Amino acid sequence: MSQPAVHDAVIIGGGHNGLVCAAYLARAGLKVIVLERRHVAGGAAVTEEFHPGFRNSVAAYTVSLLNPKIIHDLDLAAHGLRIVERKLSNFLPLEDGRYLKVGAGRTREEIAKFSQKDANWFPAYETELAKAADVLRELILETPPNLVEGRGLAALPELIKAGKLGWRLSKLRLEGQRQLLALMTQSAGDYLDQWFESAPIKAVLGFDGIVGNYASPYTPGSAYVLLHHCFGEVNGRKGLWGHAIGGMGAITQAMAKAAASHGADLRLSTPIKEVIIEKGRATGVVTEAGERINAKAVVSNVNPKLLYQSLIDQAALPADFSRGIEAYRCGSGTFRMNVALSELPDFTALPGRDLAEHHSAGIIIAPSLSYMEQAYFDARTYGWSRRPVVEMVISSALDDTLAPRGQHVASLFCQHVAPKLPDGSSWDQHREEVADLMIATVDAYAPNFKGSVLGRQIMSPLDLERTFGLIGGDIFHGSLDLGQMFSARPLLGHANYRGPVAGLYMCGAGTHPGGGVTGAPGHNAAREILRDFRRKK
Ligand SMILES: Cc1cc2nc3c(=O)[nH]c(=O)nc-3n(C[C@H](O)[C@H](O)[C@H](O)COP(=O)(O)OP(=O)(O)OC[C@H]3O[C@@H](n4cnc5c(N)ncnc54)[C@H](O)[C@@H]3O)c2cc1C
């Protein structure tokens with residue numbers, strides 16, 4: 001016999017989306033408990049000490065996509081969140097001794113060093129991209145039109161939603177619609193080739209198309225991934241990337257405080273083993289320790305593949321749904337390192353060990369799109385790229401709370417590596433060797449780098465899966481390709497944060513609008529859950 005529910009909602013996972021969902025539900029008066037497997041809340045957005053005296057954002061490392069409405073609604077500033085802008089957006093050192101700086105109002109003149117034609121085109125490119133990002137931004141906090149079978153009453157609201165979407169798109173001029181279509185369907189490489197001729201500008205812009213995307217920049221659909229990284233803002237300035245003082249953990253600590261202030265409970269070190277399903281309805285969860293926690297609604301913050309393949313009795317799921325989840329593509333091709341540094345990198349292209357604006361930028365080691373494409377081909381063939389793509393962000397250049405005075409911490413976000421190695425060996429056998437390669441890759445551009453490394457933390461795709469539950473190391477809880485986006489995330493028919501089991505909801509990055517520290521899936525799922533609670537009254 002089932003026991004009465006003591007909670008309105010139990011949330012599996014205290015990643016940032018789980019925390020946001022909890023905060024909104026608790027704010028609306030629901031009794032909420034969040035159960036997190038790790039010793040710390042925040043999922044992939046956490047700050048931890050990885051070397052004595054050195055702390056850093058362990059996985060996610062830079063902020064832009066976090067939605068301003070969520071920052072405001074949850075009063076994250078009052079809970080300690082402070083985000084600062086980078087002094088320069090990006091710095092691309094080149095092997096021939098030249099470099100490209102992007103941001104700080106100097107991008108055009110910097111591009112002109114390589115191509116006057118590209119410099120002339122850049123403002124128009126920025127305008128078109130900003131218009132497309134505006135369209136996306138409007139959809140971020142909405143539940144996508146959900147496909148329903150048949151033409152009954154349930155189909156009507158979804159048809160209206162789809163109609164509204166069409167109406168919104170028609171507000172764009174024809175050229176804007178063409179650009180949007182190109183961004184939604186083309187490769188980042190093809191898109192950028194239409195605008196620019198010089199390799200460095202295409203590299204610095206095209207990097208966004210392969211971030212967390214195990215693909216060549218010439219793979220169709222990668223232009224969307226580029227766009228996905230452009231809908232954010234920092235302190236009201238659109239398209240910029242910044243840094244949360246205290247690291248990404250400062251964001252999730254503020255979210256946890258916001259949730260707690262509204263009465264939500266958070267339990268750490270509490271892994272969930274199973275979702276309880278009775279008479280076709282989710283009624284609670286069982287922890288690894290065997291404790292049963294009942295709730296009227298069960299909400300999952302974990303990757304849909306993890307939820308539906310490991311935490312639920314398969315017999316409770318329709319066979320076609322299970323097949324869809326089996327086919328749901330996960331795997332980012334990223335390798336993540338944190339390094340403790342005795343001094344700042346001294347770039348051959350822009351010498352100097354004293355703190356300068358380029359040290360606060362996203363420093364991209366990848367001189368061209370063809371270099372990135374080769375990195376992908378290598379990873380598919382050998383398991384990792386012989387000449388990898390590395391973005392280095394020296395967080396201590398903007399934040400003196402992370403490292404001892406005069407010393408530094410940096411995030412190395414490296415692509416491409418195969419989520420699973422082609423020869424079937426384990427990542428555990430290769431992680432040290434690949435970490436050496438990543439350090440050597442930066443060292444080739446800043447020759448004091450290797451000697452300055454005091455300590456390092458390594459996260460292969462397998463480490464990301466083991467530590468954070470990111471299947472295949474997928475940083476987005478599932479690839480951001482057209483077949484898994486918007487109304488199709490995670491599966492057609494389930495884009496409204498509800499799966500096939502009544503009372504079981506999804507609130508993580510495997511739902512619209514996908515990955516990144518946005519808070520949007522958590523916000524949207526909470527709205528849908530509250531709608532169901534109101535209907536039942
Ligand atoms: C290496 C890396 C770099 C990234 N860089 C950036 C970046 O710079 N900027 C950005 O915006 N985004 C970045 N991202 C993407 C972003 O961090 C994620 O998309 C986002 O954090 C997902 O949030 P979430 O709350 O949906 O899920 P998660 O953060 O994955 O949280 C899910 C939570 O569920 C918990 N959990 C799993 N299984 C169980 C269980 N059985 N029981 C209980 N709890 C469980 C996990 O421990 C975790 O805390 C990066 C991600 C990674 C991995």
# chains A, B, ... in the order shown; residues from 1 in each chain; ligands from 1
>>> residues_near_ligand(ligand="ligand 1", cutoff="6 Å", atoms="only C-alpha atoms and all ligand atoms", output="PyMOL selection string")
chain A and resi 12-18+35-38+41-45+59-63+65+271-273+301-302+336+468-470+475-476+508-509+515-517
>>> residues_around(residues="region 176-190 of chain A", least_positions_apart="4", cutoff="9 Å", atoms="only C-alpha atoms", output="number ranges by chain")
A: 128-129, 131-132, 135, 169-170, 172, 194, 202, 205-210, 216-227, 369, 482
>>> select_by_dssp(residues="region 173-307 of chain A", states="alpha helix (DSSP H)", output="PyMOL selection string")
chain A and resi 174-185+188-195+199-210+222-228+248-261+304-307
>>> write_last_selection(atoms="C-alpha atoms", output="PDB file, in the first residue's frame")
ATOM      1  CA  LEU A 174      12.931  38.417 -45.378  1.00  0.00           C
ATOM      2  CA  GLU A 175      16.732  38.723 -45.140  1.00  0.00           C
ATOM      3  CA  GLY A 176      16.517  38.160 -41.388  1.00  0.00           C
ATOM      4  CA  GLN A 177      14.453  35.023 -41.962  1.00  0.00           C
ATOM      5  CA  ARG A 178      17.027  33.781 -44.492  1.00  0.00           C
ATOM      6  CA  GLN A 179      19.827  34.329 -41.992  1.00  0.00           C
ATOM      7  CA  LEU A 180      17.857  32.523 -39.281  1.00  0.00           C
ATOM      8  CA  LEU A 181      17.219  29.585 -41.597  1.00  0.00           C
ATOM      9  CA  ALA A 182      20.939  29.435 -42.424  1.00  0.00           C
ATOM     10  CA  LEU A 183      21.859  29.533 -38.739  1.00  0.00           C
ATOM     11  CA  MET A 184      19.365  26.811 -37.888  1.00  0.00           C
ATOM     12  CA  THR A 185      20.428  24.423 -40.641  1.00  0.00           C
ATOM     13  CA  ALA A 188      29.189  27.121 -38.695  1.00  0.00           C
ATOM     14  CA  GLY A 189      31.956  26.848 -41.296  1.00  0.00           C
ATOM     15  CA  ASP A 190      29.654  27.316 -44.287  1.00  0.00           C
ATOM     16  CA  TYR A 191      27.898  30.197 -42.571  1.00  0.00           C
ATOM     17  CA  LEU A 192      31.142  31.993 -41.687  1.00  0.00           C
ATOM     18  CA  ASP A 193      32.669  31.331 -45.120  1.00  0.00           C
ATOM     19  CA  GLN A 194      29.785  33.348 -46.601  1.00  0.00           C
ATOM     20  CA  TRP A 195      30.778  36.362 -44.521  1.00  0.00           C
ATOM     21  CA  ALA A 199      41.131  32.341 -41.083  1.00  0.00           C
ATOM     22  CA  PRO A 200      41.609  33.964 -37.643  1.00  0.00           C
ATOM     23  CA  ILE A 201      38.246  35.776 -37.545  1.00  0.00           C
ATOM     24  CA  LYS A 202      36.451  32.645 -38.711  1.00  0.00           C
ATOM     25  CA  ALA A 203      38.300  30.647 -36.046  1.00  0.00           C
ATOM     26  CA  VAL A 204      37.470  32.975 -33.178  1.00  0.00           C
ATOM     27  CA  LEU A 205      33.776  33.098 -34.156  1.00  0.00           C
ATOM     28  CA  GLY A 206      33.538  29.458 -35.251  1.00  0.00           C
ATOM     29  CA  PHE A 207      34.899  28.145 -31.950  1.00  0.00           C
ATOM     30  CA  ASP A 208      31.391  28.572 -30.493  1.00  0.00           C
ATOM     31  CA  GLY A 209      30.087  26.111 -33.095  1.00  0.00           C
ATOM     32  CA  ILE A 210      32.184  23.259 -31.721  1.00  0.00           C
ATOM     33  CA  SER A 222      26.933  23.480 -35.963  1.00  0.00           C
ATOM     34  CA  ALA A 223      25.822  27.025 -36.890  1.00  0.00           C
ATOM     35  CA  TYR A 224      22.977  26.577 -34.399  1.00  0.00           C
ATOM     36  CA  VAL A 225      25.467  25.658 -31.660  1.00  0.00           C
ATOM     37  CA  LEU A 226      27.303  28.895 -32.501  1.00  0.00           C
ATOM     38  CA  LEU A 227      24.034  30.826 -32.169  1.00  0.00           C
ATOM     39  CA  HIS A 228      23.201  29.026 -28.907  1.00  0.00           C
ATOM     40  CA  MET A 248      30.381  29.267 -11.120  1.00  0.00           C
ATOM     41  CA  GLY A 249      29.706  27.846  -7.663  1.00  0.00           C
ATOM     42  CA  ALA A 250      28.780  31.369  -6.580  1.00  0.00           C
ATOM     43  CA  ILE A 251      25.817  31.181  -8.983  1.00  0.00           C
ATOM     44  CA  THR A 252      24.555  27.878  -7.636  1.00  0.00           C
ATOM     45  CA  GLN A 253      25.225  28.799  -4.007  1.00  0.00           C
ATOM     46  CA  ALA A 254      23.073  31.890  -4.554  1.00  0.00           C
ATOM     47  CA  MET A 255      20.388  29.696  -6.162  1.00  0.00           C
ATOM     48  CA  ALA A 256      20.514  27.251  -3.235  1.00  0.00           C
ATOM     49  CA  LYS A 257      20.122  30.171  -0.805  1.00  0.00           C
ATOM     50  CA  ALA A 258      17.185  31.518  -2.840  1.00  0.00           C
ATOM     51  CA  ALA A 259      15.490  28.100  -2.789  1.00  0.00           C
ATOM     52  CA  ALA A 260      16.120  27.752   0.966  1.00  0.00           C
ATOM     53  CA  SER A 261      14.763  31.254   1.615  1.00  0.00           C
ATOM     54  CA  PRO A 304      16.954  12.051 -19.744  1.00  0.00           C
ATOM     55  CA  LYS A 305      19.013   9.014 -20.743  1.00  0.00           C
ATOM     56  CA  LEU A 306      20.140   8.574 -17.148  1.00  0.00           C
ATOM     57  CA  LEU A 307      16.602   9.028 -15.824  1.00  0.00           C
TER      58      LEU A 307
END
>>> atom_distance(atom1="CA of Tyr99 (chain A)", atom2="CA of Ala349 (chain A)")
6.1 Å
>>> atom_distance(atom1="CA of Leu88 (chain A)", atom2="CA of Gly514 (chain A)")
27.0 Å
>>> closest_residue(among="A:Asp463, A:Glu197, A:Asp532, A:Glu85", to="Val234 (chain A)", atoms="only C-alpha atoms")
A:Glu85
>>> residues_around(residues="region 102-117 of chain A", least_positions_apart="6", cutoff="7 Å", atoms="only C-alpha atoms", output="ChimeraX atom specification")
/A:87-91,198,201
>>> write_last_selection(atoms="all heavy atoms", output="PDB file, in the first residue's frame")
ATOM      1  N   LYS A  87      37.621  41.875 -19.561  1.00  0.00           N
ATOM      2  CA  LYS A  87      38.137  43.148 -20.091  1.00  0.00           C
ATOM      3  C   LYS A  87      38.265  43.077 -21.612  1.00  0.00           C
ATOM      4  O   LYS A  87      38.260  44.093 -22.306  1.00  0.00           O
ATOM      5  CB  LYS A  87      39.482  43.464 -19.447  1.00  0.00           C
ATOM      6  CG  LYS A  87      39.330  43.697 -17.936  1.00  0.00           C
ATOM      7  CD  LYS A  87      40.528  44.386 -17.341  1.00  0.00           C
ATOM      8  CE  LYS A  87      40.264  44.790 -15.903  1.00  0.00           C
ATOM      9  NZ  LYS A  87      40.182  43.624 -14.995  1.00  0.00           N
ATOM     10  N   LEU A  88      38.390  41.848 -22.118  1.00  0.00           N
ATOM     11  CA  LEU A  88      38.468  41.608 -23.561  1.00  0.00           C
ATOM     12  C   LEU A  88      37.723  40.302 -23.793  1.00  0.00           C
ATOM     13  O   LEU A  88      37.872  39.364 -23.004  1.00  0.00           O
ATOM     14  CB  LEU A  88      39.950  41.446 -23.944  1.00  0.00           C
ATOM     15  CG  LEU A  88      40.300  41.290 -25.408  1.00  0.00           C
ATOM     16  CD1 LEU A  88      40.130  42.637 -26.119  1.00  0.00           C
ATOM     17  CD2 LEU A  88      41.759  40.833 -25.549  1.00  0.00           C
ATOM     18  N   SER A  89      36.931  40.212 -24.871  1.00  0.00           N
ATOM     19  CA  SER A  89      36.144  38.981 -25.037  1.00  0.00           C
ATOM     20  C   SER A  89      37.034  37.790 -25.374  1.00  0.00           C
ATOM     21  O   SER A  89      37.002  36.761 -24.692  1.00  0.00           O
ATOM     22  CB  SER A  89      35.099  39.159 -26.141  1.00  0.00           C
ATOM     23  OG  SER A  89      34.166  40.119 -25.739  1.00  0.00           O
ATOM     24  N   ASN A  90      37.792  37.910 -26.464  1.00  0.00           N
ATOM     25  CA  ASN A  90      38.623  36.770 -26.889  1.00  0.00           C
ATOM     26  C   ASN A  90      39.989  37.224 -27.361  1.00  0.00           C
ATOM     27  O   ASN A  90      40.157  38.339 -27.854  1.00  0.00           O
ATOM     28  CB  ASN A  90      37.939  36.008 -28.035  1.00  0.00           C
ATOM     29  CG  ASN A  90      36.758  35.198 -27.550  1.00  0.00           C
ATOM     30  OD1 ASN A  90      35.612  35.560 -27.768  1.00  0.00           O
ATOM     31  ND2 ASN A  90      37.028  34.117 -26.839  1.00  0.00           N
ATOM     32  N   PHE A  91      40.924  36.310 -27.206  1.00  0.00           N
ATOM     33  CA  PHE A  91      42.298  36.551 -27.667  1.00  0.00           C
ATOM     34  C   PHE A  91      42.727  35.296 -28.416  1.00  0.00           C
ATOM     35  O   PHE A  91      42.611  34.185 -27.885  1.00  0.00           O
ATOM     36  CB  PHE A  91      43.202  36.808 -26.452  1.00  0.00           C
ATOM     37  CG  PHE A  91      44.669  36.891 -26.766  1.00  0.00           C
ATOM     38  CD1 PHE A  91      45.154  37.862 -27.632  1.00  0.00           C
ATOM     39  CD2 PHE A  91      45.573  35.993 -26.197  1.00  0.00           C
ATOM     40  CE1 PHE A  91      46.516  37.938 -27.917  1.00  0.00           C
ATOM     41  CE2 PHE A  91      46.929  36.062 -26.470  1.00  0.00           C
ATOM     42  CZ  PHE A  91      47.404  37.047 -27.339  1.00  0.00           C
ATOM     43  N   SER A 198      39.214  35.672 -43.956  1.00  0.00           N
ATOM     44  CA  SER A 198      40.466  35.411 -43.233  1.00  0.00           C
ATOM     45  C   SER A 198      40.248  34.354 -42.143  1.00  0.00           C
ATOM     46  O   SER A 198      39.209  34.337 -41.469  1.00  0.00           O
ATOM     47  CB  SER A 198      41.031  36.704 -42.631  1.00  0.00           C
ATOM     48  OG  SER A 198      40.285  37.083 -41.522  1.00  0.00           O
ATOM     49  N   ILE A 201      39.572  35.305 -37.985  1.00  0.00           N
ATOM     50  CA  ILE A 201      38.246  35.776 -37.545  1.00  0.00           C
ATOM     51  C   ILE A 201      37.240  34.624 -37.604  1.00  0.00           C
ATOM     52  O   ILE A 201      36.392  34.460 -36.715  1.00  0.00           O
ATOM     53  CB  ILE A 201      37.770  37.034 -38.340  1.00  0.00           C
ATOM     54  CG1 ILE A 201      36.447  37.555 -37.791  1.00  0.00           C
ATOM     55  CG2 ILE A 201      37.637  36.784 -39.825  1.00  0.00           C
ATOM     56  CD1 ILE A 201      36.505  38.057 -36.385  1.00  0.00           C
TER      57      ILE A 201
END
>>> select_by_dssp(residues="region 364-451 of chain A", states="strand (DSSP E or B)", output="list in words")
Ile364, Ile365, Trp384, Ser385, Arg386, Arg387, Pro388, Val389, Val390, Glu391, Met392, Val393, His408, Val409, Ala410, Ser411, Leu412, Phe413, Cys414, Gln415, His416 and Val417 of chain A
>>> write_last_selection(atoms="C-alpha atoms", output="JSON list (two decimals), in the first residue's frame")
[["chain", "number", "residue", "atom", "x", "y", "z"],
["A", 364, "ILE", "CA", 41.53, 30.40, -28.01],
["A", 365, "ILE", "CA", 44.21, 28.06, -29.27],
["A", 384, "TRP", "CA", 41.80, 12.42, -29.35],
["A", 385, "SER", "CA", 43.09, 15.19, -31.51],
["A", 386, "ARG", "CA", 46.82, 15.36, -32.21],
["A", 387, "ARG", "CA", 46.52, 19.17, -32.26],
["A", 388, "PRO", "CA", 43.61, 19.94, -29.96],
["A", 389, "VAL", "CA", 41.47, 23.05, -29.64],
["A", 390, "VAL", "CA", 41.87, 24.70, -26.25],
["A", 391, "GLU", "CA", 40.03, 27.62, -24.73],
["A", 392, "MET", "CA", 41.88, 28.89, -21.68],
["A", 393, "VAL", "CA", 40.17, 31.20, -19.22],
["A", 408, "HIS", "CA", 46.67, 32.06, -10.76],
["A", 409, "VAL", "CA", 44.11, 29.45, -11.76],
["A", 410, "ALA", "CA", 43.02, 28.65, -15.29],
["A", 411, "SER", "CA", 40.31, 26.55, -16.89],
["A", 412, "LEU", "CA", 41.34, 24.59, -19.97],
["A", 413, "PHE", "CA", 38.34, 23.60, -22.04],
["A", 414, "CYS", "CA", 39.68, 21.23, -24.67],
["A", 415, "GLN", "CA", 38.14, 19.70, -27.78],
["A", 416, "HIS", "CA", 38.11, 17.22, -29.53],
["A", 417, "VAL", "CA", 38.28, 13.93, -27.76]]
>>> residues_around(residues="Ala26 (chain A)", least_positions_apart="4", cutoff="7 Å", atoms="only C-alpha atoms", output="PyMOL selection string")
chain A and resi 22+30-32+259+262-264
>>> write_last_selection(atoms="all heavy atoms", output="compact mmCIF listing (two decimals), in the first residue's frame")
# COMPACT_ATOMS: atom_id res chain seq x y z
N ALA A 22 13.35 24.25 -7.90
CA ALA A 22 12.97 24.18 -6.48
C ALA A 22 12.59 25.56 -5.96
O ALA A 22 11.58 25.72 -5.25
CB ALA A 22 14.13 23.62 -5.66
N LEU A 30 4.81 25.45 -2.62
CA LEU A 30 4.90 23.99 -2.58
C LEU A 30 5.96 23.56 -1.57
O LEU A 30 6.95 24.27 -1.35
CB LEU A 30 5.27 23.43 -3.97
CG LEU A 30 4.09 23.01 -4.86
CD1 LEU A 30 3.09 24.13 -5.03
CD2 LEU A 30 4.59 22.53 -6.22
N LYS A 31 5.75 22.36 -1.01
CA LYS A 31 6.75 21.79 -0.10
C LYS A 31 7.70 20.95 -0.97
O LYS A 31 7.29 19.96 -1.58
CB LYS A 31 6.04 20.93 0.94
CG LYS A 31 6.97 20.42 2.02
CD LYS A 31 6.18 19.88 3.20
CE LYS A 31 7.04 19.08 4.17
NZ LYS A 31 8.31 19.66 4.52
N VAL A 32 8.95 21.39 -1.03
CA VAL A 32 9.89 20.84 -2.01
C VAL A 32 11.13 20.29 -1.32
O VAL A 32 11.65 20.91 -0.38
CB VAL A 32 10.36 21.96 -2.99
CG1 VAL A 32 11.29 21.40 -4.05
CG2 VAL A 32 9.17 22.64 -3.64
N ALA A 259 16.45 29.20 -2.97
CA ALA A 259 15.49 28.10 -2.79
C ALA A 259 15.20 27.92 -1.29
O ALA A 259 14.04 27.79 -0.88
CB ALA A 259 16.04 26.82 -3.41
N HIS A 262 12.88 30.34 0.39
CA HIS A 262 11.45 30.10 0.14
C HIS A 262 10.98 28.81 0.80
O HIS A 262 9.85 28.38 0.59
CB HIS A 262 11.17 30.06 -1.36
CG HIS A 262 11.37 31.39 -2.02
ND1 HIS A 262 10.60 32.49 -1.71
CD2 HIS A 262 12.26 31.81 -2.95
CE1 HIS A 262 11.01 33.53 -2.43
NE2 HIS A 262 12.02 33.14 -3.19
N GLY A 263 11.88 28.14 1.53
CA GLY A 263 11.46 26.97 2.30
C GLY A 263 11.80 25.62 1.69
O GLY A 263 11.43 24.58 2.24
N ALA A 264 12.53 25.60 0.56
CA ALA A 264 12.89 24.30 -0.04
C ALA A 264 13.98 23.63 0.80
O ALA A 264 14.86 24.32 1.34
CB ALA A 264 13.39 24.50 -1.46
>>> closest_residue(among="A:Arg535, A:His494, A:His7, A:Arg98", to="Thr348 (chain A)", atoms="only C-alpha atoms")
A:Arg98
>>> decode(residues="region 82-93 of chain A", atoms="N, CA and C atoms", output="compact mmCIF listing (two decimals), in the first residue's frame")
# COMPACT_ATOMS: atom_id res chain seq x y z
N ARG A 82 27.66 38.12 -7.94
CA ARG A 82 28.19 39.30 -8.63
C ARG A 82 28.91 38.82 -9.88
N ILE A 83 28.48 39.35 -11.03
CA ILE A 83 29.08 38.92 -12.30
C ILE A 83 29.84 40.10 -12.89
N VAL A 84 31.08 39.85 -13.33
CA VAL A 84 31.86 40.93 -13.92
C VAL A 84 32.17 40.59 -15.39
N GLU A 85 32.35 41.64 -16.17
CA GLU A 85 32.65 41.43 -17.59
C GLU A 85 34.13 41.15 -17.78
N ARG A 86 34.44 40.40 -18.82
CA ARG A 86 35.85 40.25 -19.20
C ARG A 86 36.34 41.60 -19.74
N LYS A 87 37.62 41.87 -19.56
CA LYS A 87 38.14 43.15 -20.09
C LYS A 87 38.26 43.08 -21.61
N LEU A 88 38.39 41.85 -22.12
CA LEU A 88 38.47 41.61 -23.56
C LEU A 88 37.72 40.30 -23.79
N SER A 89 36.93 40.21 -24.87
CA SER A 89 36.14 38.98 -25.04
C SER A 89 37.03 37.79 -25.37
N ASN A 90 37.79 37.91 -26.46
CA ASN A 90 38.62 36.77 -26.89
C ASN A 90 39.99 37.22 -27.36
N PHE A 91 40.92 36.31 -27.21
CA PHE A 91 42.30 36.55 -27.67
C PHE A 91 42.73 35.30 -28.42
N LEU A 92 43.16 35.50 -29.66
CA LEU A 92 43.57 34.35 -30.48
C LEU A 92 45.04 34.54 -30.88
N PRO A 93 45.95 33.90 -30.13
CA PRO A 93 47.35 34.01 -30.54
C PRO A 93 47.61 33.08 -31.73
